[in-house]
>>> print(open('final_3.cif').read())   # mmCIF, C-alpha atoms and all ligand atoms
data_model
#
loop_
_atom_site.label_atom_id
_atom_site.label_comp_id
_atom_site.auth_asym_id
_atom_site.auth_seq_id
_atom_site.Cartn_x
_atom_site.Cartn_y
_atom_site.Cartn_z
CA MET L 399 96.71 125.66 83.62
CA LYS L 400 95.80 127.31 86.86
CA ILE L 401 95.75 125.20 90.01
CA ASN L 402 93.76 126.30 93.06
CA PHE L 403 94.09 124.51 96.38
CA LEU L 404 90.47 124.11 97.51
CA GLY L 405 91.64 122.49 100.72
CA SER L 406 94.91 121.75 102.51
CA GLY L 407 93.65 119.90 105.57
CA SER L 408 93.92 116.34 106.78
CA TRP L 409 90.98 113.97 106.98
CA GLN L 410 89.49 115.64 110.05
CA GLY L 411 89.59 119.15 108.60
CA THR L 412 90.43 122.24 110.68
CA PRO L 413 88.59 123.04 112.82
CA ALA L 414 88.10 119.37 113.65
CA PRO L 415 84.58 118.35 114.71
CA PHE L 416 84.23 119.13 118.43
CA GLY L 417 87.97 119.80 118.34
CA ASP L 418 89.49 120.68 121.70
CA ASP L 419 92.97 121.53 120.42
CA GLU L 420 94.01 125.19 120.51
CA ILE L 421 93.79 125.69 116.74
CA SER L 422 90.30 124.21 116.42
CA LYS L 423 89.09 126.29 119.36
CA ASN L 424 90.53 129.58 118.11
CA VAL L 425 90.68 129.39 114.32
CA SER L 426 88.84 131.97 112.24
CA TRP L 427 87.27 131.55 108.83
CA ASP L 428 89.51 133.08 106.11
CA THR L 429 92.80 132.54 107.92
CA LYS L 430 95.48 130.13 106.76
CA ASP L 431 94.79 127.87 109.75
CA PHE L 432 91.26 127.12 108.49
CA ARG L 433 91.59 124.06 106.26
CA PHE L 434 89.07 122.20 104.15
CA ARG L 435 90.05 118.62 103.26
CA THR L 436 92.82 118.42 100.66
CA SER L 437 91.63 118.86 97.09
CA LEU L 438 92.40 120.86 93.97
CA HIS L 439 90.58 122.74 91.25
CA ILE L 440 92.35 123.00 87.90
CA GLN L 441 91.37 125.32 85.07
CA THR L 442 92.83 124.65 81.63
CA SER L 443 93.83 127.45 79.29
CA ALA L 444 90.76 126.61 77.17
CA GLY L 445 88.46 126.98 80.17
CA LYS L 446 87.75 123.36 81.12
CA THR L 447 87.67 122.58 84.80
CA ILE L 448 88.91 119.57 86.75
CA LEU L 449 88.19 118.70 90.38
CA VAL L 450 90.82 116.55 92.07
CA GLU L 451 89.10 114.71 94.96
CA VAL L 452 85.51 115.35 96.01
CA THR L 453 85.66 115.94 99.74
CA PRO L 454 82.75 116.14 102.19
CA ASP L 455 83.48 119.90 102.08
CA ILE L 456 82.58 120.25 98.38
CA ARG L 457 79.33 122.10 99.09
CA LEU L 458 81.11 124.97 100.84
CA GLN L 459 84.20 124.77 98.64
CA SER L 460 82.11 125.28 95.49
CA TRP L 461 80.37 128.25 97.11
CA LYS L 462 83.46 129.87 98.64
CA TYR L 463 85.49 129.68 95.42
CA ASN L 464 82.55 130.23 93.06
CA LEU L 465 83.60 127.13 91.12
CA LYS L 466 82.46 126.48 87.58
CA LYS L 467 80.78 123.14 86.94
CA PRO L 468 83.48 120.43 86.74
CA ASP L 469 84.13 118.83 83.36
CA ALA L 470 86.06 116.00 85.06
CA ILE L 471 86.46 114.69 88.59
CA LEU L 472 89.63 112.77 89.50
CA ILE L 473 89.82 110.57 92.60
CA SER L 474 93.17 109.35 93.97
CA HIS L 475 91.80 106.51 96.12
CA TRP L 476 88.75 105.19 97.90
CA HIS L 477 89.13 106.77 101.34
CA TRP L 478 85.98 108.65 102.29
CA ASP L 479 87.62 112.09 102.66
CA HIS L 480 88.61 111.94 98.98
CA LEU L 481 85.49 110.38 97.57
CA PHE L 482 82.37 110.71 99.65
CA GLY L 483 81.72 114.31 98.63
CA LEU L 484 80.11 112.65 95.60
CA LEU L 485 77.16 112.00 97.91
CA GLU L 486 76.89 115.75 98.40
CA LEU L 487 76.55 116.11 94.62
CA ASP L 488 73.56 113.79 94.26
CA TRP L 489 71.06 116.57 93.57
CA TYR L 490 73.46 118.48 91.30
CA ALA L 491 74.26 115.28 89.36
CA GLU L 492 70.63 114.69 88.45
CA LYS L 493 71.00 117.39 85.80
CA ASN L 494 74.77 117.32 85.39
CA LYS L 495 76.11 113.80 84.86
CA LEU L 496 79.44 113.49 86.66
CA SER L 497 82.48 112.41 84.67
CA VAL L 498 84.56 110.63 87.32
CA TYR L 499 88.05 109.18 86.83
CA GLY L 500 89.44 106.62 89.26
CA ASN L 501 91.08 103.22 89.63
CA ASN L 502 89.26 99.89 89.83
CA VAL L 503 88.97 99.90 93.64
CA THR L 504 87.52 103.40 93.64
CA LYS L 505 85.04 102.18 91.04
CA GLN L 506 84.00 99.32 93.33
CA TRP L 507 83.28 101.81 96.12
CA CYS L 508 81.32 104.06 93.79
CA ASP L 509 79.27 101.12 92.56
CA LYS L 510 78.64 99.86 96.11
CA SER L 511 77.93 103.11 97.93
CA MET L 512 76.83 105.52 95.22
CA GLY L 513 75.05 103.45 92.63
CA HIS L 514 72.13 105.89 92.75
CA ILE L 515 74.26 108.87 91.66
CA ASN L 516 74.41 109.87 87.99
CA ILE L 517 78.08 109.02 87.27
CA ASN L 518 79.97 108.16 84.12
CA PHE L 519 83.01 106.31 85.50
CA ASN L 520 86.30 106.36 83.56
CA GLN L 521 88.66 103.72 84.95
CA PHE L 522 92.42 104.34 84.82
CA ASP L 523 95.50 102.38 85.79
CA SER L 524 99.09 103.23 86.65
CA PHE L 525 101.09 105.14 84.04
CA GLU L 526 98.24 104.98 81.52
CA SER L 527 98.00 108.65 80.55
CA PHE L 528 94.84 110.31 79.32
CA THR L 529 94.10 113.81 78.11
CA ILE L 530 91.65 116.38 79.40
CA ASP L 531 91.66 119.40 77.10
CA ASN L 532 95.35 120.38 76.85
CA ILE L 533 96.43 118.58 80.01
CA ILE L 534 98.03 115.14 79.95
CA VAL L 535 97.10 113.33 83.15
CA THR L 536 99.23 110.39 84.29
CA PRO L 537 98.09 108.33 87.31
CA ILE L 538 101.14 107.26 89.32
CA PRO L 539 101.05 104.60 92.06
CA VAL L 540 101.96 105.48 95.64
CA LYS L 541 102.14 103.37 98.80
CA HIS L 542 99.24 104.14 101.17
CA VAL L 543 96.34 101.68 101.15
CA HIS L 544 95.53 99.15 98.45
CA LYS L 545 95.39 100.97 95.10
CA THR L 546 96.24 104.58 95.72
CA HIS L 547 97.35 106.94 92.98
CA GLY L 548 98.85 110.38 92.63
CA PHE L 549 98.71 112.39 89.43
CA ILE L 550 101.10 114.15 87.08
CA PHE L 551 99.40 117.05 85.29
CA GLU L 552 101.41 118.07 82.23
CA ASN L 553 100.54 121.15 80.24
CA ASN L 554 101.10 119.97 76.66
CA GLU L 555 101.59 123.56 75.47
CA THR L 556 104.43 124.38 77.89
CA GLY L 557 105.63 120.88 78.81
CA LYS L 558 105.53 121.90 82.47
CA LYS L 559 104.31 119.46 85.11
CA PHE L 560 102.49 119.75 88.42
CA VAL L 561 102.41 116.66 90.65
CA TYR L 562 99.78 115.82 93.26
CA LEU L 563 100.58 113.14 95.85
CA SER L 564 97.94 113.27 98.51
CA ASP L 565 98.14 110.22 100.79
CA PHE L 566 101.24 108.00 101.01
CA PHE L 567 103.94 106.61 103.28
CA ASP L 568 106.37 105.90 100.44
CA ILE L 569 106.51 105.95 96.65
CA PRO L 570 107.87 103.35 94.18
CA VAL L 571 111.12 104.10 92.33
CA LYS L 572 109.33 104.45 88.99
CA THR L 573 106.96 107.02 90.49
CA LEU L 574 109.89 108.93 91.98
CA GLU L 575 111.72 108.99 88.65
CA SER L 576 108.62 110.28 86.89
CA ILE L 577 108.24 113.39 89.05
CA LEU L 578 111.78 114.76 89.37
CA ASP L 579 111.38 117.18 86.43
CA ALA L 580 108.13 118.72 87.72
CA GLU L 581 107.72 122.36 88.68
CA SER L 582 105.94 121.48 91.92
CA VAL L 583 105.23 118.31 93.88
CA THR L 584 102.54 118.24 96.56
CA VAL L 585 103.44 116.02 99.49
CA ASP L 586 101.27 114.31 102.12
CA ALA L 587 102.28 115.98 105.40
CA THR L 588 99.61 114.43 107.61
CA TYR L 589 102.19 113.54 110.29
CA LEU L 590 104.81 116.17 109.53
CA GLU L 591 105.40 116.77 113.23
CA SER L 592 103.85 113.59 114.65
CA GLU L 593 104.72 109.96 115.33
CA ILE L 594 101.55 107.89 115.13
CA ASP L 595 102.34 104.21 115.70
CA ASP L 596 98.86 102.98 114.86
CA ASP L 597 98.66 104.67 111.45
CA LEU L 598 101.60 103.83 109.23
CA THR L 599 99.70 104.61 106.00
CA HIS L 600 101.22 108.12 106.00
CA MET L 601 104.85 109.23 106.35
CA GLN L 602 105.95 109.80 109.93
CA LYS L 603 107.89 112.80 111.26
CA ASN L 604 111.26 111.04 111.09
CA GLN L 605 110.84 110.11 107.39
CA PHE L 606 110.34 113.57 105.87
CA VAL L 607 113.94 114.74 105.70
CA SER L 608 115.10 111.72 103.69
CA PHE L 609 112.05 112.06 101.43
CA PHE L 610 112.81 115.75 100.80
CA ASP L 611 116.40 114.78 99.95
CA LYS L 612 115.17 112.47 97.18
CA ILE L 613 113.36 115.28 95.36
CA LYS L 614 115.75 118.10 94.64
CA GLY L 615 114.56 120.71 92.15
CA PRO L 616 110.77 120.85 92.24
CA GLU L 617 109.01 123.07 94.73
CA LEU L 618 107.70 120.81 97.51
CA ILE L 619 104.23 121.80 98.70
CA LEU L 620 103.21 120.27 102.02
CA THR L 621 99.51 119.58 102.40
CA ASN L 622 97.09 117.44 104.51
CA LEU L 623 97.87 119.45 107.64
CA GLY L 624 95.83 118.85 110.78
CA SER L 625 95.11 120.76 113.97
CA TYR L 626 96.05 117.72 116.13
CA GLN L 627 99.67 118.82 115.71
CA ASN L 628 98.83 122.13 117.42
CA ILE L 629 101.16 124.03 115.09
CA THR L 630 99.98 127.15 113.34
CA HIS L 631 100.50 127.83 109.64
CA SER L 632 103.12 130.48 110.37
CA ASP L 633 104.97 128.17 112.77
CA PHE L 634 105.03 125.46 110.08
CA GLU L 635 106.51 128.03 107.69
CA ASN L 636 109.21 128.88 110.21
CA LYS L 637 110.04 125.20 110.80
CA PHE L 638 110.17 124.33 107.08
CA PRO L 639 111.64 127.36 105.27
CA ASN L 640 112.76 125.28 102.26
CA GLN L 641 109.31 123.86 101.56
CA THR L 642 105.98 125.54 100.85
CA ILE L 643 103.19 125.12 103.39
CA ALA L 644 99.90 124.82 101.50
CA PHE L 645 96.84 126.85 102.48
CA ASP L 646 93.30 126.99 101.18
CA GLY L 647 93.08 129.30 98.18
CA MET L 648 96.76 128.98 97.25
CA THR L 649 97.30 128.99 93.48
CA ARG L 650 99.96 127.92 91.01
CA VAL L 651 100.14 128.46 87.25
CA VAL L 652 101.94 125.77 85.25
ZN ZN L 701 93.84 107.90 102.34
#
>>> encode(input="final_3.cif", output="structure tokens")
Amino acid sequence: MKINFLGSGSWQGTPAPFGDDEISKNVSWDTKDFRFRTSLHIQTSAGKTILVEVTPDIRLQSWKYNLKKPDAILISHWHWDHLFGLLELDWYAEKNKLSVYGNNVTKQWCDKSMGHININFNQFDSFESFTIDNIIVTPIPVKHVHKTHGFIFENNETGKKFVYLSDFFDIPVKTLESILDAESVTVDATYLESEIDDDLTHMQKNQFVSFFDKIKGPELILTNLGSYQNITHSDFENKFPNQTIAFDGMTRVV
């Protein structure tokens, strides 16, 4: 399977709306400092396509990357930056029913806020794997807000795994044990260089080193980066030479 990072930004996106930080003021389209909200596009070897998260940026993401129509849409949790791009797909969905996968709380939000959109909702729960084409998808619980999941994507032809953990401040032991043999693990780096006392739903700066120490082996891909940290992509790369700093358009083949 081929994985394309459609976005690598935090919930504000970069540039942030009316952003007065140096990156938002100076960033150019098509540089690594321009970041849509974090999301993935996965293409299976048989040509099926999976969207992971539908961000409010989906309209421009689908245009910029010339995306094929999604066969499945996976949502990690109910926060608007992961889910509310479904509203952008209202017109598209009239002729292309959306096959959405999410947990029970995400379903409640879809029913409440998007009942008018043409959705076929497939509800999943922790560690209950399902298959899309030749990919085994396993939802894995993480600690963020009530009912948040990451995903293990396993290519059942090669046995190789790619792990996506978007938003979290910690992960349960069983989740940790399930991802140690992956090729790559994406990591929520919202506050990689920040201490934000009033938002403890993401890891804080002082927690990253011990988290990195727990996951030896897989490539660690840091995503959810925001301009509020005022650190450029290249400066992040210099500060974290043992991890990979995600950027929009980055790809992996697993
Ligand atoms: Zn969230």
>>> residues_around(input="final_3.cif", residues="range 555-567 of chain L", least_positions_apart="5", cutoff="6 Å", atoms="only C-alpha atoms", output="list in words")
Val540, Lys541, His542, Gly548, Phe549, Ile550, Ala580, Glu581, Ser582, Val583, Thr584, Val585, Asp586, Thr599, His600, Met601 and Val652 of chain L
>>> axis_aligned_box(input="final_3.cif", around="range 411-417 of chain L", padding_each_side="4 Å", output="lines of an AutoDock Vina configuration file")
center_x = 87.3
center_y = 120.7
center_z = 113.5
size_x = 14.2
size_y = 12.7
size_z = 17.8
>>> residues_around(input="final_3.cif", residues="His475 in chain L", least_positions_apart="4", cutoff="9 Å", atoms="only C-alpha atoms", output="PyMOL selection string")
chain L and resi 451+480-481+500-501+503-504+543-548+565
>>> atom_distance(input="final_3.cif", atom1="CA of Gly405 in chain L", atom2="CA of Asp479 in chain L")
11.3 Å
>>> closest_residue(input="final_3.cif", among="L:Phe482, L:Trp476, L:Phe645, L:Tyr490", to="Ser460 in chain L", atoms="all atoms listed in the file")
L:Tyr490
>>> atom_distance(input="final_3.cif", atom1="CA of Phe638 in chain L", atom2="CA of Ile569 in chain L")
21.4 Å
>>> closest_atom_pairs(input="final_3.cif", of="range 512-628 of chain L", to="range 399-404 of chain L", cutoff="9 Å", atoms="only C-alpha atoms", output="CSV")
residue,atom,partner,partner_atom,distance
L:Asn532,CA,L:Met399,CA,8.7
L:Ile533,CA,L:Met399,CA,8.0
L:Asn553,CA,L:Met399,CA,6.8
L:Phe560,CA,L:Ile401,CA,8.8
>>> atom_distance(input="final_3.cif", atom1="CA of Asp646 in chain L", atom2="CA of Gly445 in chain L")
21.6 Å
>>> closest_residue(input="final_3.cif", among="L:Asn424, L:Thr436, L:Thr453, L:Gln441", to="Arg650 in chain L", atoms="all atoms listed in the file")
L:Gln441
>>> residues_around(input="final_3.cif", residues="Gly407 in chain L", least_positions_apart="4", cutoff="7 Å", atoms="all atoms listed in the file", output="ChimeraX atom specification")
/L:411-412,433-436,621-624
>>> decode(input="final_3.cif", residues="range 480-493 of chain L", atoms="all heavy atoms", output="PDB file, in the first residue's frame")
ATOM      1  N   HIS L 480     -10.996  16.530  12.450  1.00  0.00           N
ATOM      2  CA  HIS L 480     -10.854  15.187  11.887  1.00  0.00           C
ATOM      3  C   HIS L 480     -12.112  14.730  11.156  1.00  0.00           C
ATOM      4  O   HIS L 480     -12.083  13.764  10.408  1.00  0.00           O
ATOM      5  CB  HIS L 480     -10.532  14.184  13.000  1.00  0.00           C
ATOM      6  CG  HIS L 480      -9.265  14.491  13.708  1.00  0.00           C
ATOM      7  ND1 HIS L 480      -8.110  13.752  13.534  1.00  0.00           N
ATOM      8  CD2 HIS L 480      -8.941  15.494  14.560  1.00  0.00           C
ATOM      9  CE1 HIS L 480      -7.143  14.284  14.260  1.00  0.00           C
ATOM     10  NE2 HIS L 480      -7.616  15.341  14.888  1.00  0.00           N
ATOM     11  N   LEU L 481     -13.189  15.428  11.401  1.00  0.00           N
ATOM     12  CA  LEU L 481     -14.508  14.906  11.016  1.00  0.00           C
ATOM     13  C   LEU L 481     -15.339  15.854  10.162  1.00  0.00           C
ATOM     14  O   LEU L 481     -16.055  15.417   9.262  1.00  0.00           O
ATOM     15  CB  LEU L 481     -15.262  14.611  12.332  1.00  0.00           C
ATOM     16  CG  LEU L 481     -16.708  14.194  12.290  1.00  0.00           C
ATOM     17  CD1 LEU L 481     -16.830  12.856  11.590  1.00  0.00           C
ATOM     18  CD2 LEU L 481     -17.277  14.100  13.703  1.00  0.00           C
ATOM     19  N   PHE L 482     -15.217  17.149  10.433  1.00  0.00           N
ATOM     20  CA  PHE L 482     -16.200  18.071   9.868  1.00  0.00           C
ATOM     21  C   PHE L 482     -15.961  18.392   8.394  1.00  0.00           C
ATOM     22  O   PHE L 482     -16.757  19.112   7.785  1.00  0.00           O
ATOM     23  CB  PHE L 482     -16.314  19.334  10.716  1.00  0.00           C
ATOM     24  CG  PHE L 482     -17.247  19.160  11.883  1.00  0.00           C
ATOM     25  CD1 PHE L 482     -17.390  17.927  12.496  1.00  0.00           C
ATOM     26  CD2 PHE L 482     -18.001  20.212  12.359  1.00  0.00           C
ATOM     27  CE1 PHE L 482     -18.248  17.746  13.563  1.00  0.00           C
ATOM     28  CE2 PHE L 482     -18.880  20.040  13.433  1.00  0.00           C
ATOM     29  CZ  PHE L 482     -18.997  18.803  14.031  1.00  0.00           C
ATOM     30  N   GLY L 483     -14.894  17.832   7.810  1.00  0.00           N
ATOM     31  CA  GLY L 483     -14.757  17.908   6.361  1.00  0.00           C
ATOM     32  C   GLY L 483     -15.862  17.131   5.656  1.00  0.00           C
ATOM     33  O   GLY L 483     -16.099  17.334   4.461  1.00  0.00           O
ATOM     34  N   LEU L 484     -16.548  16.249   6.394  1.00  0.00           N
ATOM     35  CA  LEU L 484     -17.695  15.553   5.784  1.00  0.00           C
ATOM     36  C   LEU L 484     -18.736  16.554   5.304  1.00  0.00           C
ATOM     37  O   LEU L 484     -19.415  16.315   4.311  1.00  0.00           O
ATOM     38  CB  LEU L 484     -18.321  14.576   6.799  1.00  0.00           C
ATOM     39  CG  LEU L 484     -17.525  13.300   7.091  1.00  0.00           C
ATOM     40  CD1 LEU L 484     -18.137  12.560   8.264  1.00  0.00           C
ATOM     41  CD2 LEU L 484     -17.454  12.401   5.866  1.00  0.00           C
ATOM     42  N   LEU L 485     -18.848  17.682   6.019  1.00  0.00           N
ATOM     43  CA  LEU L 485     -19.799  18.713   5.578  1.00  0.00           C
ATOM     44  C   LEU L 485     -19.410  19.271   4.216  1.00  0.00           C
ATOM     45  O   LEU L 485     -20.260  19.650   3.411  1.00  0.00           O
ATOM     46  CB  LEU L 485     -19.875  19.840   6.618  1.00  0.00           C
ATOM     47  CG  LEU L 485     -20.472  19.447   7.977  1.00  0.00           C
ATOM     48  CD1 LEU L 485     -20.231  20.545   9.003  1.00  0.00           C
ATOM     49  CD2 LEU L 485     -21.954  19.155   7.850  1.00  0.00           C
ATOM     50  N   GLU L 486     -18.097  19.312   3.959  1.00  0.00           N
ATOM     51  CA  GLU L 486     -17.622  19.795   2.659  1.00  0.00           C
ATOM     52  C   GLU L 486     -18.006  18.831   1.534  1.00  0.00           C
ATOM     53  O   GLU L 486     -17.997  19.191   0.358  1.00  0.00           O
ATOM     54  CB  GLU L 486     -16.092  19.952   2.685  1.00  0.00           C
ATOM     55  CG  GLU L 486     -15.574  20.997   3.659  1.00  0.00           C
ATOM     56  CD  GLU L 486     -15.571  22.392   3.050  1.00  0.00           C
ATOM     57  OE1 GLU L 486     -15.664  22.499   1.824  1.00  0.00           O
ATOM     58  OE2 GLU L 486     -15.487  23.363   3.819  1.00  0.00           O
ATOM     59  N   LEU L 487     -18.278  17.574   1.908  1.00  0.00           N
ATOM     60  CA  LEU L 487     -18.555  16.545   0.897  1.00  0.00           C
ATOM     61  C   LEU L 487     -20.048  16.355   0.643  1.00  0.00           C
ATOM     62  O   LEU L 487     -20.435  15.416  -0.056  1.00  0.00           O
ATOM     63  CB  LEU L 487     -17.929  15.214   1.333  1.00  0.00           C
ATOM     64  CG  LEU L 487     -16.412  15.207   1.506  1.00  0.00           C
ATOM     65  CD1 LEU L 487     -15.929  13.787   1.841  1.00  0.00           C
ATOM     66  CD2 LEU L 487     -15.709  15.695   0.241  1.00  0.00           C
ATOM     67  N   ASP L 488     -20.867  17.231   1.178  1.00  0.00           N
ATOM     68  CA  ASP L 488     -22.318  17.062   1.058  1.00  0.00           C
ATOM     69  C   ASP L 488     -22.748  16.911  -0.406  1.00  0.00           C
ATOM     70  O   ASP L 488     -23.440  15.965  -0.792  1.00  0.00           O
ATOM     71  CB  ASP L 488     -23.012  18.264   1.709  1.00  0.00           C
ATOM     72  CG  ASP L 488     -24.518  18.086   1.784  1.00  0.00           C
ATOM     73  OD1 ASP L 488     -24.996  16.968   1.536  1.00  0.00           O
ATOM     74  OD2 ASP L 488     -25.212  19.077   2.084  1.00  0.00           O
ATOM     75  N   TRP L 489     -22.304  17.829  -1.232  1.00  0.00           N
ATOM     76  CA  TRP L 489     -22.702  17.806  -2.649  1.00  0.00           C
ATOM     77  C   TRP L 489     -22.159  16.567  -3.361  1.00  0.00           C
ATOM     78  O   TRP L 489     -22.865  15.876  -4.090  1.00  0.00           O
ATOM     79  CB  TRP L 489     -22.194  19.081  -3.330  1.00  0.00           C
ATOM     80  CG  TRP L 489     -22.561  19.180  -4.778  1.00  0.00           C
ATOM     81  CD1 TRP L 489     -23.746  19.591  -5.300  1.00  0.00           C
ATOM     82  CD2 TRP L 489     -21.723  18.865  -5.891  1.00  0.00           C
ATOM     83  NE1 TRP L 489     -23.692  19.540  -6.678  1.00  0.00           N
ATOM     84  CE2 TRP L 489     -22.470  19.100  -7.060  1.00  0.00           C
ATOM     85  CE3 TRP L 489     -20.410  18.389  -5.998  1.00  0.00           C
ATOM     86  CZ2 TRP L 489     -21.943  18.886  -8.332  1.00  0.00           C
ATOM     87  CZ3 TRP L 489     -19.882  18.172  -7.253  1.00  0.00           C
ATOM     88  CH2 TRP L 489     -20.659  18.430  -8.407  1.00  0.00           C
ATOM     89  N   TYR L 490     -20.889  16.260  -3.106  1.00  0.00           N
ATOM     90  CA  TYR L 490     -20.257  15.075  -3.696  1.00  0.00           C
ATOM     91  C   TYR L 490     -21.001  13.799  -3.278  1.00  0.00           C
ATOM     92  O   TYR L 490     -21.226  12.894  -4.088  1.00  0.00           O
ATOM     93  CB  TYR L 490     -18.786  15.018  -3.245  1.00  0.00           C
ATOM     94  CG  TYR L 490     -18.107  13.700  -3.452  1.00  0.00           C
ATOM     95  CD1 TYR L 490     -17.544  13.359  -4.682  1.00  0.00           C
ATOM     96  CD2 TYR L 490     -18.019  12.771  -2.409  1.00  0.00           C
ATOM     97  CE1 TYR L 490     -16.915  12.139  -4.868  1.00  0.00           C
ATOM     98  CE2 TYR L 490     -17.391  11.551  -2.586  1.00  0.00           C
ATOM     99  CZ  TYR L 490     -16.844  11.247  -3.819  1.00  0.00           C
ATOM    100  OH  TYR L 490     -16.221  10.033  -4.002  1.00  0.00           O
ATOM    101  N   ALA L 491     -21.415  13.760  -1.983  1.00  0.00           N
ATOM    102  CA  ALA L 491     -22.028  12.546  -1.444  1.00  0.00           C
ATOM    103  C   ALA L 491     -23.414  12.271  -2.014  1.00  0.00           C
ATOM    104  O   ALA L 491     -23.896  11.139  -1.954  1.00  0.00           O
ATOM    105  CB  ALA L 491     -22.107  12.639   0.077  1.00  0.00           C
ATOM    106  N   GLU L 492     -24.046  13.296  -2.595  1.00  0.00           N
ATOM    107  CA  GLU L 492     -25.366  13.061  -3.168  1.00  0.00           C
ATOM    108  C   GLU L 492     -25.322  11.972  -4.231  1.00  0.00           C
ATOM    109  O   GLU L 492     -26.256  11.184  -4.387  1.00  0.00           O
ATOM    110  CB  GLU L 492     -25.907  14.361  -3.778  1.00  0.00           C
ATOM    111  CG  GLU L 492     -26.408  15.348  -2.736  1.00  0.00           C
ATOM    112  CD  GLU L 492     -26.974  16.607  -3.375  1.00  0.00           C
ATOM    113  OE1 GLU L 492     -27.320  16.585  -4.575  1.00  0.00           O
ATOM    114  OE2 GLU L 492     -27.055  17.628  -2.667  1.00  0.00           O
ATOM    115  N   LYS L 493     -24.207  11.907  -4.957  1.00  0.00           N
ATOM    116  CA  LYS L 493     -24.076  10.893  -6.009  1.00  0.00           C
ATOM    117  C   LYS L 493     -23.079   9.804  -5.647  1.00  0.00           C
ATOM    118  O   LYS L 493     -22.926   8.833  -6.390  1.00  0.00           O
ATOM    119  CB  LYS L 493     -23.657  11.550  -7.322  1.00  0.00           C
ATOM    120  CG  LYS L 493     -24.748  12.432  -7.905  1.00  0.00           C
ATOM    121  CD  LYS L 493     -24.335  13.032  -9.230  1.00  0.00           C
ATOM    122  CE  LYS L 493     -25.484  13.876  -9.785  1.00  0.00           C
ATOM    123  NZ  LYS L 493     -25.086  14.664 -10.947  1.00  0.00           N
TER     124      LYS L 493
END
